[in-house]
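Asker: Following this line is work_28.txt, made up of compact mmCIF, C-alpha atoms (C1' of nucleotides):
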```txt
# COMPACT_ATOMS: atom_id res chain seq x y z
CA MET V 17 0.00 0.00 0.00
CA ARG V 18 1.25 3.43 -0.87
CA TYR V 19 -1.04 5.81 0.94
CA ARG V 20 0.39 8.95 -0.49
CA SER V 21 3.96 7.79 -0.14
CA LEU V 22 5.13 9.89 -3.05
CA PRO V 23 5.10 13.69 -3.09
CA ALA V 24 1.33 13.73 -2.56
CA LEU V 25 0.39 17.05 -4.06
CA PRO V 26 -1.57 18.94 -1.46
CA VAL V 27 -3.16 21.16 -4.09
CA ASP V 28 -6.48 19.85 -2.89
CA LEU V 29 -8.48 22.69 -1.42
CA SER V 30 -10.84 21.35 1.19
CA SER V 31 -13.59 23.06 3.12
CA LYS V 32 -11.06 23.23 5.94
CA SER V 33 -9.16 25.87 3.99
CA GLU V 34 -12.39 27.54 2.99
CA TYR V 35 -13.51 27.80 6.62
CA ALA V 36 -10.17 29.25 7.62
CA LEU V 37 -10.28 31.83 4.84
CA LEU V 38 -13.84 32.82 5.69
CA ALA V 39 -12.82 33.37 9.30
CA LEU V 40 -9.83 35.47 8.33
CA LEU V 41 -12.00 37.51 5.99
CA GLU V 42 -14.23 38.26 8.96
CA LEU V 43 -11.23 39.28 11.03
CA SER V 44 -9.68 41.50 8.35
CA PRO V 45 -11.94 44.57 8.78
CA HIS V 46 -11.34 44.47 12.52
CA TYR V 47 -7.57 44.61 12.24
CA ALA V 48 -7.43 48.42 12.31
CA SER V 49 -9.54 48.81 15.43
CA GLY V 50 -7.75 46.05 17.31
CA GLU V 51 -11.05 44.72 18.66
CA PRO V 52 -11.08 40.92 18.91
CA LEU V 53 -13.85 38.77 17.39
CA GLN V 54 -15.19 35.68 19.13
CA ILE V 55 -15.37 32.24 17.57
CA ARG V 56 -19.14 32.10 18.04
CA GLN V 57 -19.67 35.32 16.13
CA ILE V 58 -17.48 34.27 13.20
CA ALA V 59 -19.07 30.85 13.13
CA SER V 60 -22.65 32.09 13.13
CA GLN V 61 -21.85 34.81 10.61
CA GLN V 62 -20.31 32.39 8.11
CA ASN V 63 -22.33 29.33 9.07
CA ILE V 64 -19.39 27.26 10.30
CA PRO V 65 -19.57 24.67 13.12
CA ASP V 66 -18.00 26.57 15.97
CA ARG V 67 -16.15 23.70 17.64
CA TYR V 68 -14.54 22.87 14.31
CA LEU V 69 -13.61 26.48 13.62
CA GLU V 70 -11.97 26.54 17.04
CA GLN V 71 -9.48 23.90 15.92
CA LEU V 72 -8.69 25.75 12.73
CA LEU V 73 -8.12 29.02 14.55
CA ALA V 74 -5.80 27.20 16.95
CA THR V 75 -3.76 26.03 13.96
CA LEU V 76 -3.68 29.54 12.54
CA ARG V 77 -2.54 30.85 15.90
CA ARG V 78 0.29 28.33 16.18
CA ALA V 79 1.33 29.39 12.67
CA GLY V 80 1.43 33.01 13.80
CA LEU V 81 -1.32 34.26 11.51
CA VAL V 82 -3.75 35.28 14.27
CA LYS V 83 -3.45 36.23 17.91
CA SER V 84 -5.86 35.26 20.63
CA GLN V 85 -7.14 37.11 23.66
CA ARG V 86 -8.25 34.78 26.43
CA GLY V 87 -10.89 35.39 29.06
CA ALA V 88 -13.99 37.53 29.03
CA ARG V 89 -14.24 39.99 26.13
CA GLY V 90 -11.57 37.91 24.44
CA GLY V 91 -11.43 36.54 20.92
CA TYR V 92 -9.18 36.49 17.88
CA LEU V 93 -7.50 39.13 15.77
CA LEU V 94 -5.12 39.11 12.83
CA ALA V 95 -1.44 39.07 13.74
CA ARG V 96 -0.46 41.09 10.63
CA ASP V 97 -1.99 43.51 8.18
CA PRO V 98 -4.52 41.79 5.89
CA TRP V 99 -2.46 42.84 2.88
CA LYS V 100 0.57 41.07 4.33
CA ILE V 101 -1.14 37.69 4.52
CA THR V 102 -1.37 35.73 1.28
CA LEU V 103 -3.80 32.92 0.61
CA TYR V 104 -0.78 30.66 0.33
CA ASP V 105 0.12 31.48 3.92
CA VAL V 106 -3.32 30.38 5.04
CA VAL V 107 -3.80 27.31 2.88
CA SER V 108 -0.28 25.96 3.41
CA CYS V 109 -0.57 26.14 7.18
CA ILE V 110 -4.06 24.65 7.27
CA GLU V 111 -3.44 21.97 4.68
CA GLY V 112 -0.05 21.45 6.22
CA PHE V 113 2.10 20.90 3.18
CA GLU V 114 5.74 21.39 4.00
CA GLY V 115 5.96 18.32 6.11
CA GLN V 116 7.24 16.21 3.22
CA PRO V 117 10.75 16.08 1.79
CA ASP V 118 11.62 18.53 -0.95
CA PRO V 119 9.59 18.17 -4.15
CA THR V 120 12.74 17.95 -6.29
CA GLN V 121 13.16 14.35 -5.28
CA VAL V 122 14.36 11.34 -7.18
CA ALA V 123 11.98 8.64 -8.35
CA ASP V 124 12.94 5.00 -8.76
CA THR V 125 12.16 4.85 -12.49
CA PRO V 126 12.66 7.43 -15.26
CA GLU V 127 8.92 7.28 -16.02
CA ALA V 128 8.05 8.11 -12.42
CA GLN V 129 10.60 10.91 -12.53
CA VAL V 130 9.04 12.77 -15.45
CA ILE V 131 5.64 12.46 -13.80
CA GLN V 132 7.07 13.89 -10.61
CA ASN V 133 8.38 16.81 -12.63
CA VAL V 134 4.92 17.53 -14.02
CA TRP V 135 3.39 17.16 -10.56
CA GLY V 136 5.86 19.79 -9.39
CA GLU V 137 4.81 22.08 -12.23
CA VAL V 138 1.17 21.76 -11.26
CA ARG V 139 1.97 22.41 -7.65
CA GLN V 140 3.93 25.54 -8.48
CA ALA V 141 1.18 26.83 -10.74
CA ALA V 142 -1.38 26.39 -7.99
CA GLU V 143 0.87 27.92 -5.35
CA GLY V 144 1.56 30.87 -7.63
CA VAL V 145 -2.13 31.72 -7.78
CA LEU V 146 -2.46 31.50 -4.01
CA GLN V 147 0.67 33.58 -3.44
CA LYS V 148 -0.49 36.51 -5.51
CA HIS V 149 -3.74 36.98 -3.56
CA THR V 150 -3.82 38.62 -0.13
CA LEU V 151 -6.64 38.77 2.40
CA GLN V 152 -7.09 42.46 1.59
CA ASP V 153 -7.51 41.55 -2.08
CA LEU V 154 -10.41 39.29 -1.22
CA VAL V 155 -11.99 41.88 1.05
CA GLU V 156 -11.95 44.41 -1.76
CA GLN V 157 -13.22 41.89 -4.28
CA ARG V 158 -16.06 41.10 -1.92
CA ASN V 159 -16.92 44.80 -1.59
CA ALA V 160 -16.93 45.15 -5.36
CA GLN V 161 -19.08 42.04 -5.63
CA GLN V 162 -21.58 43.48 -3.17
CA GLN V 163 -21.80 46.64 -5.28
CA VAL V 164 -22.66 44.53 -8.29
CA ASP V 165 -25.28 42.68 -6.27
CA ILE V 166 -26.89 45.96 -5.25
CA MET V 167 -26.90 47.29 -8.81
CA TYR V 168 -28.70 44.20 -10.01
CA TYR V 169 -31.12 44.27 -7.05
CA ILE V 170 -30.06 40.85 -5.85
CA MET U 3 -22.04 18.23 7.69
CA ARG U 4 -20.57 19.28 4.40
CA TYR U 5 -18.32 16.47 3.24
CA ARG U 6 -17.19 18.17 0.07
CA SER U 7 -20.57 19.63 -0.73
CA LEU U 8 -19.04 22.70 -2.35
CA PRO U 9 -16.96 22.65 -5.52
CA ALA U 10 -14.19 20.62 -3.88
CA LEU U 11 -11.32 21.25 -6.23
CA PRO U 12 -10.19 17.92 -7.61
CA VAL U 13 -6.75 19.29 -8.38
CA ASP U 14 -5.43 16.67 -6.03
CA LEU U 15 -3.11 14.34 -7.91
CA SER U 16 -3.23 10.93 -6.32
CA SER U 17 -1.24 7.82 -7.04
CA LYS U 18 -4.29 6.68 -8.98
CA SER U 19 -3.45 9.22 -11.66
CA GLU U 20 0.21 8.36 -11.41
CA TYR U 21 -0.51 4.67 -12.00
CA ALA U 22 -2.68 5.50 -15.00
CA LEU U 23 0.00 7.73 -16.51
CA LEU U 24 2.69 5.11 -15.95
CA ALA U 25 0.55 2.55 -17.73
CA LEU U 26 -0.11 4.86 -20.67
CA LEU U 27 3.59 5.66 -20.90
CA GLU U 28 4.22 1.93 -21.24
CA LEU U 29 1.59 1.70 -23.97
CA SER U 30 2.82 4.71 -25.92
CA PRO U 31 5.83 3.07 -27.65
CA HIS U 32 3.61 0.18 -28.76
CA TYR U 33 1.07 2.38 -30.48
CA ALA U 34 2.85 2.27 -33.84
CA SER U 35 3.13 -1.53 -33.98
CA GLY U 36 -0.46 -2.09 -32.85
CA GLU U 37 0.64 -4.93 -30.58
CA PRO U 38 -1.38 -5.02 -27.34
CA LEU U 39 0.26 -5.09 -23.89
CA GLN U 40 -1.14 -7.15 -21.03
CA ILE U 41 -2.02 -5.81 -17.60
CA ARG U 42 0.43 -8.17 -15.90
CA GLN U 43 3.32 -6.92 -18.00
CA ILE U 44 2.58 -3.25 -17.36
CA ALA U 45 2.03 -3.90 -13.69
CA SER U 46 5.27 -5.81 -13.16
CA GLN U 47 7.22 -3.32 -15.26
CA GLN U 48 6.04 -0.31 -13.26
CA ASN U 49 5.52 -2.07 -9.96
CA ILE U 50 1.76 -1.51 -9.77
CA PRO U 51 -0.73 -3.93 -8.13
CA ASP U 52 -2.24 -5.60 -11.16
CA ARG U 53 -5.82 -5.95 -9.91
CA TYR U 54 -5.83 -2.25 -9.13
CA LEU U 55 -4.39 -1.31 -12.50
CA GLU U 56 -7.13 -3.36 -14.09
CA GLN U 57 -9.75 -1.00 -12.70
CA LEU U 58 -7.88 2.05 -13.87
CA LEU U 59 -7.51 0.67 -17.38
CA ALA U 60 -11.23 -0.09 -17.42
CA THR U 61 -11.90 3.55 -16.60
CA LEU U 62 -9.54 4.68 -19.32
CA ARG U 63 -11.27 2.36 -21.76
CA ARG U 64 -14.72 3.68 -20.93
CA ALA U 65 -13.32 7.19 -21.47
CA GLY U 66 -12.09 6.13 -24.90
CA LEU U 67 -8.39 6.64 -24.19
CA VAL U 68 -7.39 2.98 -24.63
CA LYS U 69 -8.81 0.00 -26.48
CA SER U 70 -8.83 -3.55 -25.22
CA GLN U 71 -8.40 -6.88 -26.95
CA ARG U 72 -10.12 -9.72 -25.10
CA GLY U 73 -9.18 -13.36 -25.03
CA ALA U 74 -5.83 -15.04 -25.37
CA ARG U 75 -3.02 -12.87 -26.74
CA GLY U 76 -5.15 -9.89 -25.81
CA GLY U 77 -4.26 -6.74 -23.90
CA TYR U 78 -4.50 -2.99 -24.11
CA LEU U 79 -3.41 -0.39 -26.63
CA LEU U 80 -3.78 3.34 -26.99
CA ALA U 81 -6.90 4.49 -28.81
CA ARG U 82 -5.16 7.57 -30.25
CA ASP U 83 -1.67 8.78 -31.06
CA PRO U 84 0.35 9.49 -27.90
CA TRP U 85 0.78 13.10 -28.98
CA LYS U 86 -3.00 13.49 -29.20
CA ILE U 87 -3.56 12.56 -25.55
CA THR U 88 -2.90 15.26 -22.99
CA LEU U 89 -2.25 14.66 -19.32
CA TYR U 90 -5.47 16.53 -18.66
CA ASP U 91 -7.36 13.91 -20.64
CA VAL U 92 -5.93 11.21 -18.41
CA VAL U 93 -6.14 12.90 -15.03
CA SER U 94 -9.61 14.32 -15.56
CA CYS U 95 -11.05 10.95 -16.48
CA ILE U 96 -9.29 9.11 -13.66
CA GLU U 97 -9.90 11.73 -10.99
CA GLY U 98 -13.37 12.14 -12.38
CA PHE U 99 -13.83 15.87 -12.15
CA GLU U 100 -16.70 16.87 -14.36
CA GLY U 101 -19.26 15.18 -12.22
CA GLN U 102 -19.96 18.36 -10.31
CA PRO U 103 -22.01 21.34 -11.45
CA ASP U 104 -20.18 24.04 -13.35
CA PRO U 105 -17.42 25.77 -11.38
CA THR U 106 -18.87 29.21 -12.14
CA GLN U 107 -21.51 28.64 -9.52
CA VAL U 108 -23.07 30.98 -7.03
CA ALA U 109 -22.21 30.85 -3.34
CA ASP U 110 -24.60 31.82 -0.58
CA THR U 111 -22.45 34.63 0.79
CA PRO U 112 -20.24 37.19 -1.00
CA GLU U 113 -17.24 35.96 1.01
CA ALA U 114 -17.79 32.40 -0.14
CA GLN U 115 -18.17 33.70 -3.68
CA VAL U 116 -14.75 35.38 -3.86
CA ILE U 117 -13.17 32.25 -2.44
CA GLN U 118 -14.92 30.18 -5.09
CA ASN U 119 -13.45 32.51 -7.69
CA VAL U 120 -9.93 31.93 -6.40
CA TRP U 121 -10.55 28.20 -6.23
CA GLY U 122 -11.53 28.40 -9.90
CA GLU U 123 -8.31 30.25 -10.68
CA VAL U 124 -6.24 27.58 -9.00
CA ARG U 125 -8.11 24.88 -10.83
CA GLN U 126 -7.56 26.54 -14.18
CA ALA U 127 -3.86 27.06 -13.48
CA ALA U 128 -3.46 23.38 -12.67
CA GLU U 129 -5.50 22.28 -15.66
CA GLY U 130 -3.46 24.53 -17.92
CA VAL U 131 -0.25 22.75 -16.97
CA LEU U 132 -1.83 19.35 -17.58
CA GLN U 133 -3.31 20.42 -20.91
CA LYS U 134 -0.01 21.51 -22.39
CA HIS U 135 1.69 18.15 -21.83
CA THR U 136 1.01 15.12 -24.03
CA LEU U 137 1.97 11.50 -23.53
CA GLN U 138 4.54 11.83 -26.29
CA ASP U 139 6.10 14.78 -24.44
CA LEU U 140 6.66 12.61 -21.41
CA VAL U 141 8.08 9.76 -23.47
CA GLU U 142 10.63 12.10 -25.01
CA GLN U 143 11.43 13.68 -21.66
CA ARG U 144 12.03 10.21 -20.29
CA ASN U 145 14.36 9.36 -23.15
CA ALA U 146 16.30 12.56 -22.58
CA GLN U 147 16.45 11.78 -18.88
CA GLN U 148 17.85 8.35 -19.59
CA GLN U 149 20.56 9.92 -21.75
CA VAL U 150 21.56 12.13 -18.85
CA ASP U 151 21.63 9.12 -16.55
CA ILE U 152 23.98 7.31 -18.93
CA MET U 153 26.28 10.29 -19.29
CA TYR U 154 26.67 10.51 -15.55
CA TYR U 155 27.15 6.73 -15.24
CA ILE U 156 24.15 6.34 -13.00
C1' DA L 13 -13.26 37.48 45.73
C1' DG L 14 -16.57 35.65 42.60
C1' DT L 15 -18.64 34.76 38.41
C1' DA L 16 -19.48 34.74 33.65
C1' DT L 17 -17.04 34.71 29.41
C1' DA L 18 -14.02 33.45 26.49
C1' DC L 19 -10.01 30.47 24.77
C1' DT L 20 -7.19 25.71 25.37
C1' DC L 21 -6.37 20.96 25.25
C1' DC L 22 -7.56 16.36 24.55
C1' DG L 23 -10.17 12.66 23.23
C1' DG L 24 -13.74 10.29 20.60
C1' DT L 25 -17.13 9.59 16.45
C1' DT L 26 -18.79 9.38 11.93
C1' DC L 27 -18.27 9.63 7.14
C1' DT L 28 -15.87 9.40 2.82
C1' DC L 29 -12.36 8.22 -0.21
C1' DC L 30 -8.21 5.81 -1.60
C1' DA L 31 -5.62 1.72 -2.30
C1' DC L 32 -6.09 -2.77 -2.74
C1' DT L 33 -8.00 -7.78 -2.86
C1' DG L 34 -10.94 -11.53 -4.43
C1' DG L 35 -14.45 -14.23 -6.78
C1' DG L 36 -16.66 -15.25 -10.23
C1' DG L 37 -17.93 -14.65 -15.49
C1' DT L 38 -16.98 -13.96 -20.62
C1' DT L 39 -14.30 -13.69 -24.79
C1' DT L 40 -10.69 -15.32 -27.78
C1' DG L 41 -6.63 -17.83 -29.90
C1' DC L 42 -4.51 -22.09 -30.48
C1' DG I 17 -11.86 -27.35 -25.16
C1' DC I 18 -8.74 -25.08 -22.52
C1' DA I 19 -5.78 -21.73 -21.12
C1' DA I 20 -4.96 -16.96 -21.42
C1' DA I 21 -6.53 -12.75 -21.20
C1' DC I 22 -10.10 -9.12 -20.17
C1' DC I 23 -14.72 -7.98 -17.53
C1' DC I 24 -17.73 -6.93 -13.60
C1' DC I 25 -18.83 -6.46 -9.02
C1' DA I 26 -18.33 -6.69 -4.25
C1' DG I 27 -15.85 -6.26 -0.64
C1' DT I 28 -11.71 -4.69 3.28
C1' DG I 29 -8.80 -1.61 5.86
C1' DG I 30 -6.50 2.52 6.69
C1' DA I 31 -6.17 7.60 6.68
C1' DG I 32 -7.92 11.83 6.90
C1' DA I 33 -11.93 15.16 6.92
C1' DA I 34 -15.49 16.99 9.57
C1' DC I 35 -17.27 17.13 13.29
C1' DC I 36 -18.90 16.83 18.96
C1' DG I 37 -18.01 17.02 24.01
C1' DG I 38 -15.91 17.74 28.41
C1' DA I 39 -12.69 19.42 31.61
C1' DG I 40 -9.36 22.97 32.35
C1' DT I 41 -7.45 27.85 32.32
C1' DA I 42 -7.09 32.75 31.74
C1' DT I 43 -9.35 37.30 31.97
C1' DA I 44 -12.66 41.22 32.62
C1' DC I 45 -16.12 43.09 35.20
C1' DT I 46 -18.63 43.72 39.36
```
Could you take the file, read its structure, and then write that structure out as structure tokens?

Answerer:
Amino acid sequence: MRYRSLPALPVDLSSKSEYALLALLELSPHYASGEPLQIRQIASQQNIPDRYLEQLLATLRRAGLVKSQRGARGGYLLARDPWKITLYDVVSCIEGFEGQPDPTQVADTPEAQVIQNVWGEVRQAAEGVLQKHTLQDLVEQRNAQQQVDIMYYI
Amino acid sequence: MRYRSLPALPVDLSSKSEYALLALLELSPHYASGEPLQIRQIASQQNIPDRYLEQLLATLRRAGLVKSQRGARGGYLLARDPWKITLYDVVSCIEGFEGQPDPTQVADTPEAQVIQNVWGEVRQAAEGVLQKHTLQDLVEQRNAQQQVDIMYYI
DNA sequence: AGTATACTCCGGTTCTCCACTGGGGTTTGC
DNA sequence: GCAAACCCCAGTGGAGAACCGGAGTATACT
């Protein structure tokens, strides 16, 4: 059995990453004020199971993307400016790729090697897209999208 | 519970796809002669569990990428020229993305919508890489790789 | 000081998919 | 007719995703 023994391209974008991004998009507008947001609020706003979101926020905290304030009136806030956090930062820490050995590895057959090379190309292409988007980008895209919605009376 | 209810980017490249590509790379040189190759031979050559490879080849056959010859002295052969089959053709049929509704779908919140848009970008970037490579490309890359191996006495 | 409000840590549960195995059946060449 | 091949279908077992729950800990407010 192999069970993802090879490079195992983590280009798969699960709802885990989507939840994390939704939460960070909620936190982004509150970065300036410095007011923390609670898990419950984020969860109910974006329709995410709160106990699950809790785990994701803990991962983001350990990765240094958010900071937490414990106790009453506590909650979470972004650790950096929303335009200094790329989607790659978020997805890579949630999906946890960077545990494996370097992608420029050697395969046991020449056929496997050329496939590995292509896999690496795909990975880089996907990572490139994620690296060029920041949280602030998405916030502004959402604002623009809402304008469109209003114009079309949706 | 969501369990991949949303678009669920199937950009994930599993060993399933790798096995299928390895098999097709074995078949590619035999396309000109028209001589079929048996599952057992491909499997032992590329170190793939044969009963598993059988399923993958069945999928490829139903997708019209390979043809099968039943009975004694039977086997598999490519249905088209190896330079007319892209890696996207292979991966998409094996990974089976095109079951879902169209990726340009509407999310229930504007935040989810912008994330869907990015997901679509990532998907397209990955698909673009796969679309520009053909089986024949890989065969030639492998040959070149083998030349390098010989030069360096590996 | 006490209490309510939050995060923190740890474990378990269910579901889904991947990777793989096996048992039959059918077609074909010799 | 018989062996060699494909064909179909039905499992198994592990890993991870997507949760739920409880006990503990820090903090603000009164």

Asker: At a cut-off of 12 Å, can you tabulate as a Markdown table every residue of chain U near chain L together with its closest atom pair and the distance in Å to one decimal, using all atoms listed in the file and ordering rows by chain then number?

Answerer:
```
| residue | atom | partner | partner_atom | distance |
| --- | --- | --- | --- | --- |
| U:Met3 | CA | L:DC27 | C1' | 9.4 |
| U:Arg4 | CA | L:DC27 | C1' | 10.3 |
| U:Tyr5 | CA | L:DT28 | C1' | 7.5 |
| U:Arg6 | CA | L:DT28 | C1' | 9.3 |
| U:Ser7 | CA | L:DT28 | C1' | 11.8 |
| U:Leu15 | CA | L:DC30 | C1' | 11.8 |
| U:Ser16 | CA | L:DC30 | C1' | 8.6 |
| U:Ser17 | CA | L:DA31 | C1' | 8.9 |
| U:Lys18 | CA | L:DC30 | C1' | 8.4 |
| U:Ser19 | CA | L:DC30 | C1' | 11.6 |
| U:Tyr21 | CA | L:DA31 | C1' | 11.4 |
| U:Ile50 | CA | L:DC32 | C1' | 10.6 |
| U:Pro51 | CA | L:DC32 | C1' | 7.7 |
| U:Asp52 | CA | L:DC32 | C1' | 9.7 |
| U:Arg53 | CA | L:DT33 | C1' | 7.6 |
| U:Tyr54 | CA | L:DC32 | C1' | 6.4 |
| U:Leu55 | CA | L:DC32 | C1' | 10.0 |
| U:Glu56 | CA | L:DC32 | C1' | 11.4 |
| U:Gln57 | CA | L:DC32 | C1' | 10.8 |
| U:Leu58 | CA | L:DA31 | C1' | 11.8 |
| U:Ser70 | CA | L:DT39 | C1' | 11.5 |
| U:Gln71 | CA | L:DT40 | C1' | 8.8 |
| U:Arg72 | CA | L:DT39 | C1' | 5.8 |
| U:Gly73 | CA | L:DT40 | C1' | 3.7 |
| U:Ala74 | CA | L:DG41 | C1' | 5.4 |
| U:Arg75 | CA | L:DG41 | C1' | 6.9 |
| U:Gly76 | CA | L:DT40 | C1' | 8.0 |
| U:Gly77 | CA | L:DT40 | C1' | 11.4 |
| U:Glu97 | CA | L:DC30 | C1' | 11.2 |
```

Asker: With chain U held fixed, move chain V onto it by a least-squares fit of all C-alpha atoms in order and give the output as a short mmCIF file (atom, residue, chain, number, x, y, z; two decimals) with C-alpha atoms, in the coordinates of the input.

Answerer:
```cif
data_model
loop_
_atom_site.label_atom_id
_atom_site.label_comp_id
_atom_site.auth_asym_id
_atom_site.auth_seq_id
_atom_site.Cartn_x
_atom_site.Cartn_y
_atom_site.Cartn_z
CA MET V 17 -21.51 17.96 7.54
CA ARG V 18 -20.29 19.26 4.24
CA TYR V 19 -18.24 16.47 2.77
CA ARG V 20 -17.04 18.35 -0.23
CA SER V 21 -20.40 19.92 -0.90
CA LEU V 22 -18.87 22.96 -2.53
CA PRO V 23 -16.90 22.88 -5.79
CA ALA V 24 -14.36 20.48 -4.27
CA LEU V 25 -11.31 21.19 -6.35
CA PRO V 26 -10.10 17.91 -7.73
CA VAL V 27 -6.62 19.28 -8.30
CA ASP V 28 -5.40 16.58 -5.98
CA LEU V 29 -3.17 14.21 -7.89
CA SER V 30 -3.31 10.80 -6.31
CA SER V 31 -1.31 7.68 -7.03
CA LYS V 32 -4.36 6.57 -8.98
CA SER V 33 -3.52 9.15 -11.64
CA GLU V 34 0.14 8.29 -11.39
CA TYR V 35 -0.56 4.60 -12.00
CA ALA V 36 -2.73 5.43 -14.98
CA LEU V 37 -0.07 7.68 -16.48
CA LEU V 38 2.65 5.10 -15.95
CA ALA V 39 0.54 2.51 -17.75
CA LEU V 40 -0.15 4.83 -20.66
CA LEU V 41 3.54 5.66 -20.89
CA GLU V 42 4.20 1.95 -21.25
CA LEU V 43 1.58 1.70 -23.97
CA SER V 44 2.79 4.73 -25.93
CA PRO V 45 5.80 3.12 -27.67
CA HIS V 46 3.61 0.23 -28.76
CA TYR V 47 1.05 2.40 -30.49
CA ALA V 48 2.84 2.32 -33.85
CA SER V 49 3.16 -1.45 -34.00
CA GLY V 50 -0.40 -2.07 -32.88
CA GLU V 51 0.72 -4.89 -30.58
CA PRO V 52 -1.29 -5.02 -27.36
CA LEU V 53 0.34 -5.09 -23.90
CA GLN V 54 -1.04 -7.19 -21.06
CA ILE V 55 -1.94 -5.86 -17.64
CA ARG V 56 0.54 -8.20 -15.95
CA GLN V 57 3.43 -6.92 -18.03
CA ILE V 58 2.63 -3.25 -17.39
CA ALA V 59 2.09 -3.92 -13.72
CA SER V 60 5.34 -5.80 -13.19
CA GLN V 61 7.28 -3.30 -15.28
CA GLN V 62 6.06 -0.30 -13.28
CA ASN V 63 5.56 -2.08 -9.97
CA ILE V 64 1.80 -1.57 -9.80
CA PRO V 65 -0.67 -4.01 -8.17
CA ASP V 66 -2.16 -5.69 -11.19
CA ARG V 67 -5.72 -6.09 -9.95
CA TYR V 68 -5.81 -2.39 -9.15
CA LEU V 69 -4.34 -1.41 -12.50
CA GLU V 70 -7.07 -3.50 -14.11
CA GLN V 71 -9.72 -1.19 -12.68
CA LEU V 72 -7.91 1.90 -13.85
CA LEU V 73 -7.50 0.55 -17.37
CA ALA V 74 -11.21 -0.26 -17.41
CA THR V 75 -11.94 3.38 -16.59
CA LEU V 76 -9.57 4.55 -19.31
CA ARG V 77 -11.27 2.22 -21.76
CA ARG V 78 -14.75 3.51 -20.92
CA ALA V 79 -13.37 7.02 -21.44
CA GLY V 80 -12.13 6.01 -24.88
CA LEU V 81 -8.44 6.52 -24.18
CA VAL V 82 -7.40 2.88 -24.64
CA LYS V 83 -8.80 -0.11 -26.47
CA SER V 84 -8.76 -3.66 -25.22
CA GLN V 85 -8.27 -6.96 -26.98
CA ARG V 86 -9.90 -9.84 -25.14
CA GLY V 87 -8.86 -13.47 -25.13
CA ALA V 88 -5.49 -15.10 -25.58
CA ARG V 89 -2.74 -12.81 -26.89
CA GLY V 90 -4.98 -9.93 -25.88
CA GLY V 91 -4.17 -6.81 -23.91
CA TYR V 92 -4.46 -3.04 -24.14
CA LEU V 93 -3.39 -0.44 -26.65
CA LEU V 94 -3.80 3.31 -26.98
CA ALA V 95 -6.93 4.42 -28.81
CA ARG V 96 -5.21 7.54 -30.24
CA ASP V 97 -1.75 8.79 -31.05
CA PRO V 98 0.28 9.49 -27.88
CA TRP V 99 0.67 13.10 -28.98
CA LYS V 100 -3.10 13.47 -29.16
CA ILE V 101 -3.65 12.51 -25.53
CA THR V 102 -3.00 15.22 -22.95
CA LEU V 103 -2.34 14.62 -19.28
CA TYR V 104 -5.56 16.47 -18.62
CA ASP V 105 -7.44 13.84 -20.59
CA VAL V 106 -5.99 11.14 -18.38
CA VAL V 107 -6.21 12.82 -15.00
CA SER V 108 -9.71 14.21 -15.53
CA CYS V 109 -11.13 10.83 -16.47
CA ILE V 110 -9.37 8.99 -13.65
CA GLU V 111 -10.00 11.60 -10.99
CA GLY V 112 -13.45 12.04 -12.43
CA PHE V 113 -13.91 15.77 -12.18
CA GLU V 114 -16.70 16.93 -14.42
CA GLY V 115 -19.38 15.32 -12.38
CA GLN V 116 -20.07 18.51 -10.44
CA PRO V 117 -22.05 21.54 -11.54
CA ASP V 118 -20.20 24.27 -13.38
CA PRO V 119 -17.44 25.98 -11.39
CA THR V 120 -18.88 29.44 -12.09
CA GLN V 121 -21.47 28.89 -9.42
CA VAL V 122 -23.01 31.21 -6.90
CA ALA V 123 -22.10 31.06 -3.23
CA ASP V 124 -24.46 32.00 -0.42
CA THR V 125 -22.27 34.80 0.96
CA PRO V 126 -20.06 37.36 -0.82
CA GLU V 127 -17.05 36.09 1.16
CA ALA V 128 -17.64 32.54 -0.04
CA GLN V 129 -18.04 33.87 -3.56
CA VAL V 130 -14.62 35.52 -3.76
CA ILE V 131 -13.04 32.36 -2.38
CA GLN V 132 -14.82 30.33 -5.02
CA ASN V 133 -13.38 32.66 -7.63
CA VAL V 134 -9.85 32.05 -6.37
CA TRP V 135 -10.49 28.30 -6.21
CA GLY V 136 -11.50 28.50 -9.86
CA GLU V 137 -8.28 30.34 -10.68
CA VAL V 138 -6.22 27.64 -9.01
CA ARG V 139 -8.12 24.94 -10.80
CA GLN V 140 -7.59 26.58 -14.17
CA ALA V 141 -3.89 27.07 -13.51
CA ALA V 142 -3.49 23.40 -12.66
CA GLU V 143 -5.57 22.26 -15.62
CA GLY V 144 -3.54 24.49 -17.92
CA VAL V 145 -0.34 22.70 -16.97
CA LEU V 146 -1.93 19.30 -17.54
CA GLN V 147 -3.43 20.37 -20.87
CA LYS V 148 -0.15 21.47 -22.38
CA HIS V 149 1.58 18.11 -21.80
CA THR V 150 0.90 15.09 -24.01
CA LEU V 151 1.89 11.47 -23.49
CA GLN V 152 4.46 11.83 -26.28
CA ASP V 153 5.98 14.78 -24.42
CA LEU V 154 6.56 12.61 -21.39
CA VAL V 155 8.00 9.79 -23.46
CA GLU V 156 10.53 12.15 -24.98
CA GLN V 157 11.33 13.72 -21.63
CA ARG V 158 11.94 10.25 -20.26
CA ASN V 159 14.29 9.43 -23.14
CA ALA V 160 16.19 12.65 -22.53
CA GLN V 161 16.31 11.85 -18.82
CA GLN V 162 17.75 8.42 -19.55
CA GLN V 163 20.47 10.03 -21.66
CA VAL V 164 21.41 12.22 -18.73
CA ASP V 165 21.47 9.19 -16.46
CA ILE V 166 23.84 7.40 -18.81
CA MET V 167 26.14 10.41 -19.09
CA TYR V 168 26.44 10.59 -15.34
CA TYR V 169 26.90 6.81 -15.04
CA ILE V 170 23.85 6.42 -12.85
#
```

Asker: Can you tell me, as a count of residues only, what residues are no more than 6 Å from region 128-137 of chain U when counting all atoms listed in the file, ignoring any on the same chain fewer than 3 positions away?

Answerer: 10
